[in-house]
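Coordinates from run19.txt are shown below (compact mmCIF, C-alpha atoms).
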# COMPACT_ATOMS: atom_id res chain seq x y z
CA MET S 1 80.70 51.15 56.13
CA SER S 2 81.27 49.07 59.27
CA GLU S 3 78.89 50.81 61.68
CA ASP S 4 79.49 48.26 64.44
CA LYS S 5 83.19 49.11 64.70
CA SER S 6 83.88 50.30 68.22
CA GLN S 7 85.75 53.48 67.42
CA GLU S 8 84.09 55.33 70.25
CA ASP S 9 85.31 58.71 69.07
CA ASN S 10 88.10 60.27 67.09
CA ARG S 11 90.37 60.86 70.05
CA ASN S 12 91.97 57.45 69.71
CA VAL S 13 92.31 57.47 65.92
CA VAL S 14 95.61 58.49 64.32
CA TYR S 15 95.16 59.42 60.65
CA ILE S 16 98.35 58.63 58.79
CA GLY S 17 99.42 60.46 55.64
CA SER S 18 102.53 60.23 53.51
CA GLN S 19 103.93 63.72 54.07
CA LYS S 20 105.25 63.70 57.61
CA PRO S 21 108.01 61.31 58.71
CA ALA S 22 106.89 58.07 60.36
CA MET S 23 108.30 59.21 63.69
CA SER S 24 105.80 62.02 64.10
CA TYR S 25 102.95 59.54 63.71
CA VAL S 26 104.70 57.20 66.15
CA LEU S 27 104.77 60.02 68.70
CA ALA S 28 101.06 60.72 68.13
CA THR S 29 100.33 57.01 68.55
CA LEU S 30 102.31 56.75 71.79
CA SER S 31 100.55 59.80 73.16
CA CYS S 32 97.16 58.25 72.31
CA LEU S 33 98.18 54.96 73.92
CA ASN S 34 98.84 56.86 77.14
CA ASN S 35 95.22 57.96 77.26
CA SER S 36 93.43 54.99 75.79
CA PRO S 37 94.04 51.21 75.81
CA LYS S 38 93.05 51.01 72.15
CA VAL S 39 94.36 53.15 69.32
CA TYR S 40 93.36 52.94 65.67
CA LEU S 41 95.76 53.82 62.87
CA LYS S 42 93.91 54.81 59.73
CA ALA S 43 95.40 55.34 56.28
CA ARG S 44 94.45 55.13 52.65
CA GLY S 45 96.18 54.76 49.30
CA ALA S 46 99.96 55.02 49.32
CA ALA S 47 99.97 55.94 53.01
CA ILE S 48 98.98 52.36 53.90
CA SER S 49 102.65 51.26 53.81
CA HIS S 50 103.44 54.19 56.06
CA ALA S 51 100.78 53.10 58.56
CA VAL S 52 102.32 49.61 58.73
CA ASP S 53 105.75 51.19 59.37
CA VAL S 54 104.26 53.31 62.17
CA ALA S 55 102.64 50.25 63.78
CA GLN S 56 105.85 48.21 63.56
CA ILE S 57 108.11 50.99 64.88
CA THR S 58 105.70 51.70 67.75
CA ILE S 59 105.53 48.05 68.79
CA ASN S 60 109.14 47.01 68.22
CA ARG S 61 110.93 50.08 69.49
CA PHE S 62 108.78 52.00 71.92
CA ALA S 63 105.86 50.05 73.34
CA GLN S 64 106.73 46.37 73.65
CA GLY S 65 103.52 45.52 75.49
CA VAL S 66 101.37 46.81 72.65
CA LYS S 67 99.92 44.36 70.14
CA VAL S 68 98.12 44.48 66.84
CA ALA S 69 94.60 43.46 67.88
CA GLY S 70 93.07 43.56 64.42
CA ILE S 71 93.44 44.83 60.90
CA THR S 72 90.59 45.78 58.59
CA LEU S 73 90.92 46.46 54.88
CA ASP S 74 88.28 48.40 53.02
CA THR S 75 87.67 50.44 49.87
CA GLU S 76 86.46 54.03 49.75
CA GLU S 77 85.11 55.91 46.77
CA LEU S 78 86.77 59.26 46.22
CA GLN S 79 85.80 62.02 43.83
CA SER S 80 88.70 62.41 41.44
CA GLN S 81 89.73 65.81 40.12
CA GLU S 82 88.52 64.90 36.64
CA GLY S 83 85.02 64.52 38.06
CA GLY S 84 84.73 60.71 38.07
CA MET S 85 84.87 58.40 41.05
CA ARG S 86 87.84 56.27 41.89
CA ASN S 87 88.35 53.57 44.46
CA VAL S 88 90.99 53.87 47.14
CA SER S 89 91.97 51.09 49.52
CA THR S 90 92.04 51.83 53.24
CA ILE S 91 93.53 50.11 56.25
CA LEU S 92 92.54 50.31 59.90
CA ILE S 93 95.11 48.90 62.31
CA GLU S 94 93.89 48.38 65.86
CA LEU S 95 96.63 48.59 68.48
CA GLU S 96 95.93 47.36 71.97
CA GLY S 97 98.09 48.34 74.92
CA SER S 98 98.79 46.11 77.87
CA LYS S 99 96.74 46.86 80.97
CA LYS S 100 99.85 46.62 83.15
CA GLY S 101 101.73 49.75 84.17
CA LYS S 102 105.06 50.44 82.58
CA GLY S 103 108.12 48.81 84.10
CA GLU S 104 106.22 45.90 85.64
CA ASP S 105 107.58 42.38 85.22
CA MET T 1 110.30 34.35 61.63
CA SER T 2 106.93 32.69 62.16
CA GLU T 3 107.86 29.06 61.57
CA ASP T 4 104.41 27.79 62.48
CA LYS T 5 102.71 29.70 59.65
CA SER T 6 101.00 27.18 57.41
CA GLN T 7 102.36 28.33 54.09
CA GLU T 8 102.79 24.79 52.87
CA ASP T 9 104.84 25.81 49.87
CA ASN T 10 105.40 28.74 47.57
CA ARG T 11 102.79 27.72 45.03
CA ASN T 12 100.06 29.61 46.82
CA VAL T 13 102.08 32.73 47.62
CA VAL T 14 101.84 35.78 45.36
CA TYR T 15 104.78 38.15 45.87
CA ILE T 16 103.65 41.68 45.14
CA GLY T 17 106.00 44.40 43.95
CA SER T 18 105.41 47.99 42.90
CA GLN T 19 106.45 47.75 39.25
CA LYS T 20 103.66 45.83 37.57
CA PRO T 21 100.07 47.13 37.50
CA ALA T 22 97.76 45.80 40.21
CA MET T 23 95.76 43.88 37.63
CA SER T 24 98.58 41.50 36.78
CA TYR T 25 98.85 40.52 40.45
CA VAL T 26 95.06 40.16 40.60
CA LEU T 27 95.27 37.70 37.70
CA ALA T 28 98.03 35.75 39.44
CA THR T 29 95.94 35.68 42.63
CA LEU T 30 92.82 34.44 40.80
CA SER T 31 94.84 31.73 39.12
CA CYS T 32 96.25 30.61 42.50
CA LEU T 33 92.74 30.61 44.02
CA ASN T 34 91.69 28.19 41.31
CA ASN T 35 94.25 25.67 42.52
CA SER T 36 94.25 26.28 46.24
CA PRO T 37 91.60 27.36 48.77
CA LYS T 38 94.14 29.62 50.49
CA VAL T 39 96.38 32.17 48.85
CA TYR T 40 98.91 34.42 50.56
CA LEU T 41 99.75 37.88 49.25
CA LYS T 42 103.17 38.98 50.40
CA ALA T 43 104.69 42.44 50.06
CA ARG T 44 107.17 44.71 51.76
CA GLY T 45 107.96 48.40 51.92
CA ALA T 46 106.06 50.64 49.54
CA ALA T 47 104.48 47.63 47.83
CA ILE T 48 102.31 47.03 50.92
CA SER T 49 99.71 49.53 49.67
CA HIS T 50 99.76 47.73 46.35
CA ALA T 51 99.08 44.39 48.05
CA VAL T 52 96.04 45.86 49.80
CA ASP T 53 94.78 47.15 46.43
CA VAL T 54 95.25 43.69 44.92
CA ALA T 55 93.33 42.05 47.76
CA GLN T 56 90.47 44.55 47.55
CA ILE T 57 90.18 44.39 43.75
CA THR T 58 90.25 40.58 43.82
CA ILE T 59 87.52 40.36 46.45
CA ASN T 60 85.26 43.20 45.31
CA ARG T 61 85.41 42.74 41.58
CA PHE T 62 86.35 39.19 40.71
CA ALA T 63 85.94 36.69 43.51
CA GLN T 64 83.04 37.67 45.75
CA GLY T 65 83.18 34.45 47.78
CA VAL T 66 86.79 35.10 48.79
CA LYS T 67 87.51 36.62 52.20
CA VAL T 68 90.49 38.03 54.02
CA ALA T 69 91.17 35.29 56.56
CA GLY T 70 94.06 37.00 58.30
CA ILE T 71 96.68 39.69 58.05
CA THR T 72 100.13 39.54 59.59
CA LEU T 73 102.52 42.48 59.87
CA ASP T 74 106.22 41.93 60.40
CA THR T 75 109.61 43.59 60.03
CA GLU T 76 112.53 42.28 58.00
CA GLU T 77 116.13 43.39 58.13
CA LEU T 78 117.59 44.19 54.74
CA GLN T 79 121.17 44.93 53.82
CA SER T 80 121.22 48.46 52.48
CA GLN T 81 123.50 49.46 49.62
CA GLU T 82 125.63 51.58 51.95
CA GLY T 83 126.45 48.43 53.91
CA GLY T 84 124.29 48.97 56.98
CA MET T 85 121.09 47.18 57.87
CA ARG T 86 117.69 48.75 57.58
CA ASN T 87 114.27 47.59 58.69
CA VAL T 88 111.48 47.07 56.20
CA SER T 89 107.88 46.36 57.14
CA THR T 90 106.15 43.40 55.53
CA ILE T 91 102.54 42.32 55.17
CA LEU T 92 101.09 38.86 54.62
CA ILE T 93 97.43 38.84 53.58
CA GLU T 94 95.72 35.47 53.73
CA LEU T 95 92.85 35.08 51.27
CA GLU T 96 90.46 32.20 51.68
CA GLY T 97 88.18 31.07 48.89
CA SER T 98 84.74 29.63 49.37
CA LYS T 99 84.51 25.86 49.07
CA LYS T 100 81.47 26.12 46.77
CA GLY T 101 81.88 25.81 43.03
CA LYS T 102 81.35 28.89 40.92
CA GLY T 103 77.82 29.71 39.84
CA GLU T 104 76.19 27.87 42.74
CA ASP T 105 73.43 29.56 44.76
Step by step, read the file and then write its structure as structure tokens.
Amino acid sequence: MSEDKSQEDNRNVVYIGSQKPAMSYVLATLSCLNNSPKVYLKARGAAISHAVDVAQITINRFAQGVKVAGITLDTEELQSQEGGMRNVSTILIELEGSKKGKGED
Amino acid sequence: MSEDKSQEDNRNVVYIGSQKPAMSYVLATLSCLNNSPKVYLKARGAAISHAVDVAQITINRFAQGVKVAGITLDTEELQSQEGGMRNVSTILIELEGSKKGKGED
């Protein structure tokens, strides 16, 4: 929906589901942050709470210089198994790393 | 934690849990928006997804002039039943109503 969003490509987007433990998404996020100053966490439905956990664990425990630069809420239409359409909320959390190298100041 | 947050009092805060259906929180939110231009939706843990649903349903279906003015993520420490402490993520969604009366333009 938001065409102007600067998600250059999918390499810096971490799609968060509910199956895997938060820590595996935290690892994926940290690995993305090593390659890109901006990382987007994307989740929908019940996984939204999980995405918030991943953001908070990443920032508070592993990457203190990283900040939440923006959060976007949206709604997607999904085809339900019964054939109708249903609405699902989505979240996009933008994490921004510090430009400084690790261990400075 | 954030003392400077301008949540003047609790009258414009809707605490969102996971038990009740989203629609009852939507009603509470609409009723708050009638009395106050700003309403805060607050949730923690698994109810975070529910809070996002409530915000999206409120905006898309019932109060088109209302916007998400800000979203804050945080972590709270809770006493677990086994005696230890555990961290729980929280979300605070700030909804801002339009100043215009209903039915105008």
Check your understanding: Which residues of chain T are close to chain S, meaning at most 10 Å apart when you count only C-alpha atoms, and how do they look as an MDAnalysis selection string?
Key -> chainID T and resid 43:57 60 68 70:75 87:91
Exercise for review: Could you give me, as a VMD selection string, the residues within 10 Å of Ser31 in chain T, counting only C-alpha atoms and dropping anything in the same chain fewer than 6 positions from it?
Suggested key: chain T and resid 12 25 39
If you keep C-alpha atoms, can you produce a file of those selected residues as a PDB file, in the coordinates of the input?
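So the final result, stored in selection-v7.pdb, reads:
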ATOM      1  CA  ASN T  12     100.060  29.610  46.820  1.00  0.00           C
ATOM      2  CA  TYR T  25      98.850  40.520  40.450  1.00  0.00           C
ATOM      3  CA  VAL T  39      96.380  32.170  48.850  1.00  0.00           C
TER       4      VAL T  39
END
**Study point:** Straight-line distance linking CA of Val14 in chain T with CA of Cys32 in chain T, stated in Å to one decimal
**Key:**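 Computing it gives 8.1 Å between the two atoms.
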Exercise for review: With a distance cut-off of 10 Å and only C-alpha atoms, select the neighbouring residues of Lys67 in chain T, excluding the residue or stretch itself and same-chain residues fewer than 2 positions from it, and output the selection as JSON, numbers by chain.
Suggested key: {"T": [38, 55, 56, 58, 59, 60, 63, 64, 65, 69, 70, 94, 95, 96, 97, 98]}
Find the axis-aligned box for range 31-48 of chain T, covering all its listed atoms and adding 3 Å on each side, and write its centre and edge lengths in Å to one decimal as JSON.
{"center_x": 99.8, "center_y": 38.2, "center_z": 45.5, "size_x": 22.4, "size_y": 31.0, "size_z": 18.8}
Review point. Quick one: of S:Met85, S:Leu27, S:Ile16, S:Leu78, who's nearest to Tyr40 in chain S, counting only C-alpha atoms?
Key: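 That would be S:Ile16, the residue with the smallest distance to Tyr40 in chain S.
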Check your understanding: Can you tell me how far CA of Gly17 in chain S sits from CA of Ser80 in chain S, in Å to one decimal?
Key -> 17.9 Å
Revision key, fill the gap. Shortest contact to Asn10 in chain S, candidates S:Gly84, S:Phe62, S:Asn34, S:Leu41, atoms counted only C-alpha atoms, goes to S:Leu41
Point to revise | Atom pair CA of Arg11 in chain T / CA of Ser36 in chain T: separation (Å) | key: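 Between CA of Arg11 in chain T and CA of Ser36 in chain T the gap is 8.7 Å.
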